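> Dropping in entry_24.csv, which is CSV, C-alpha atoms:
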```
chain,number,residue,atom,x,y,z
L,25,MET,CA,0.0,0.0,0.0
L,26,ALA,CA,1.4,3.4,-1.0
L,27,PRO,CA,0.8,6.5,1.1
L,28,THR,CA,-2.5,8.2,0.3
L,29,GLY,CA,-3.8,11.7,0.8
L,30,ARG,CA,-4.8,10.9,4.4
L,31,HIS,CA,-1.2,10.1,5.3
L,32,PHE,CA,0.4,13.2,4.0
L,33,PRO,CA,-1.0,15.7,6.6
L,34,ARG,CA,0.6,13.7,9.4
L,35,ALA,CA,3.9,13.6,7.7
L,36,LEU,CA,3.7,17.3,6.9
L,37,GLU,CA,3.0,18.2,10.6
L,38,ARG,CA,5.9,16.0,11.7
L,39,ALA,CA,8.3,17.6,9.3
L,40,LEU,CA,7.3,21.1,10.4
L,41,SER,CA,7.6,20.2,14.0
L,42,ARG,CA,11.2,19.0,13.3
L,43,ASN,CA,12.1,22.2,11.5
L,44,VAL,CA,12.2,20.4,8.1
L,45,LYS,CA,10.9,22.6,5.3
L,46,PRO,CA,9.0,20.3,3.0
L,47,ALA,CA,7.9,20.9,-0.6
L,48,VAL,CA,4.2,20.2,-0.9
L,49,TYR,CA,2.4,18.9,-4.0
L,50,THR,CA,-1.3,19.3,-4.2
L,51,GLU,CA,-3.8,18.0,-6.7
L,52,ASP,CA,-4.6,21.6,-7.8
L,53,MET,CA,-0.9,22.2,-8.8
L,54,PHE,CA,-1.3,19.7,-11.6
L,55,LYS,CA,-4.0,21.8,-13.2
L,56,THR,CA,-1.7,24.8,-13.6
L,57,THR,CA,0.9,25.5,-16.2
L,58,HIS,CA,3.8,27.2,-14.3
L,59,ASP,CA,5.5,27.6,-11.0
L,60,ALA,CA,4.0,30.9,-10.0
L,61,ALA,CA,0.5,29.5,-10.5
L,62,ASN,CA,1.5,26.5,-8.4
L,63,ARG,CA,2.5,28.7,-5.6
L,64,GLU,CA,-0.7,30.7,-5.8
L,65,VAL,CA,-3.0,27.6,-5.6
L,66,VAL,CA,-1.1,26.4,-2.5
L,67,LYS,CA,-1.2,29.8,-0.8
L,68,ALA,CA,-5.0,30.1,-1.5
L,69,VAL,CA,-5.8,27.1,0.8
L,70,ILE,CA,-5.2,26.8,4.6
L,71,ARG,CA,-2.8,24.0,5.5
L,72,ALA,CA,-5.5,21.8,7.0
L,73,GLU,CA,-7.5,21.9,3.8
L,74,LEU,CA,-4.6,21.2,1.3
L,75,ASN,CA,-5.4,18.2,-0.9
L,76,LEU,CA,-1.9,16.8,-0.6
L,77,VAL,CA,-0.7,14.2,-3.2
L,78,GLY,CA,3.0,14.3,-2.3
L,79,LEU,CA,5.7,15.7,-0.2
L,80,ALA,CA,9.4,16.2,-0.7
L,81,MET,CA,12.0,16.9,2.0
L,82,ARG,CA,15.6,16.8,2.7
L,83,ALA,CA,17.2,16.1,6.1
L,84,GLU,CA,19.3,13.6,7.9
L,85,ARG,CA,18.1,10.1,7.4
L,86,LYS,CA,17.1,9.6,11.1
L,87,VAL,CA,15.0,12.7,11.0
L,88,ILE,CA,13.2,11.6,7.8
L,89,ASP,CA,12.7,8.2,9.3
L,90,LYS,CA,10.8,9.7,12.2
L,91,ILE,CA,8.8,11.9,9.9
L,92,VAL,CA,7.6,9.0,7.7
L,93,ASP,CA,7.4,6.4,10.4
L,94,GLY,CA,4.4,4.2,9.8
L,95,LEU,CA,4.0,5.0,6.1
L,96,LYS,CA,4.4,2.2,3.6
L,97,PHE,CA,6.0,3.0,0.3
L,98,HIS,CA,5.5,1.5,-3.1
L,99,GLY,CA,8.5,0.4,-5.1
```
Once more with this new file: its structure as structure tokens, please.

Amino acid sequence: MAPTGRHFPRALERALSRNVKPAVYTEDMFKTTHDAANREVVKAVIRAELNLVGLAMRAERKVIDKIVDGLKFHG
């Protein structure tokens, strides 16, 4: 089972609580044609209502492991 939209908010909150700055990917971003529009669709929605479809982040492995603990990944 791959992570679904319901898993991403938890990982996002965990990342932010560990001072890791994630890149968020929302469903609405894939309906735009450029980066500035992507940023606007994310800014237009409060964090709790983001329709997250992905996250990207960079940190030490042990920090990332704590953020994604409990998620199953497809491969």
> Which polymer residues have any atom within 10 Å of an atom of Ala35 in chain L, counting only C-alpha atoms, with same-chain residues fewer than 5 positions away left out, as a list in words?
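Near Ala35 in chain L, the qualifying residues are Arg30, Leu40, Ser41, Pro46, Leu79, Ile88, Lys90, Ile91, Val92, Asp93, Gly94 and Leu95 of chain L.
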> Near Phe32 in chain L, within 12 Å and counting all atoms listed in the file, which residues show up once chain neighbours fewer than 3 positions away are dropped, as an mmCIF file with C-alpha atoms, in the coordinates of the input?

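Saved to selection12.cif:
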```
data_model
loop_
_atom_site.group_PDB
_atom_site.id
_atom_site.type_symbol
_atom_site.label_atom_id
_atom_site.label_comp_id
_atom_site.auth_asym_id
_atom_site.auth_seq_id
_atom_site.Cartn_x
_atom_site.Cartn_y
_atom_site.Cartn_z
ATOM 1 C CA ALA L 26 1.400 3.400 -1.000
ATOM 2 C CA PRO L 27 0.800 6.500 1.100
ATOM 3 C CA THR L 28 -2.500 8.200 0.300
ATOM 4 C CA GLY L 29 -3.800 11.700 0.800
ATOM 5 C CA ALA L 35 3.900 13.600 7.700
ATOM 6 C CA LEU L 36 3.700 17.300 6.900
ATOM 7 C CA GLU L 37 3.000 18.200 10.600
ATOM 8 C CA ARG L 38 5.900 16.000 11.700
ATOM 9 C CA ALA L 39 8.300 17.600 9.300
ATOM 10 C CA PRO L 46 9.000 20.300 3.000
ATOM 11 C CA ALA L 47 7.900 20.900 -0.600
ATOM 12 C CA VAL L 48 4.200 20.200 -0.900
ATOM 13 C CA TYR L 49 2.400 18.900 -4.000
ATOM 14 C CA THR L 50 -1.300 19.300 -4.200
ATOM 15 C CA ARG L 71 -2.800 24.000 5.500
ATOM 16 C CA ALA L 72 -5.500 21.800 7.000
ATOM 17 C CA GLU L 73 -7.500 21.900 3.800
ATOM 18 C CA LEU L 74 -4.600 21.200 1.300
ATOM 19 C CA ASN L 75 -5.400 18.200 -0.900
ATOM 20 C CA LEU L 76 -1.900 16.800 -0.600
ATOM 21 C CA VAL L 77 -0.700 14.200 -3.200
ATOM 22 C CA GLY L 78 3.000 14.300 -2.300
ATOM 23 C CA LEU L 79 5.700 15.700 -0.200
ATOM 24 C CA ALA L 80 9.400 16.200 -0.700
ATOM 25 C CA ILE L 91 8.800 11.900 9.900
ATOM 26 C CA VAL L 92 7.600 9.000 7.700
ATOM 27 C CA ASP L 93 7.400 6.400 10.400
ATOM 28 C CA GLY L 94 4.400 4.200 9.800
ATOM 29 C CA LEU L 95 4.000 5.000 6.100
ATOM 30 C CA LYS L 96 4.400 2.200 3.600
#
```
> May I ask for the distance between CA of Lys86 in chain L and CA of Asn43 in chain L, given in Å to one decimal place?
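Computed distance, CA of Lys86 in chain L to CA of Asn43 in chain L, equals 13.6 Å.
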> Which distance in Å separates CA of Glu51 in chain L and CA of Asp89 in chain L, to one decimal?
25.0 Å
> Can you measure CA of Phe54 in chain L to CA of Pro33 in chain L for me? One decimal in Å is fine.
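It comes out at 18.6 Å.
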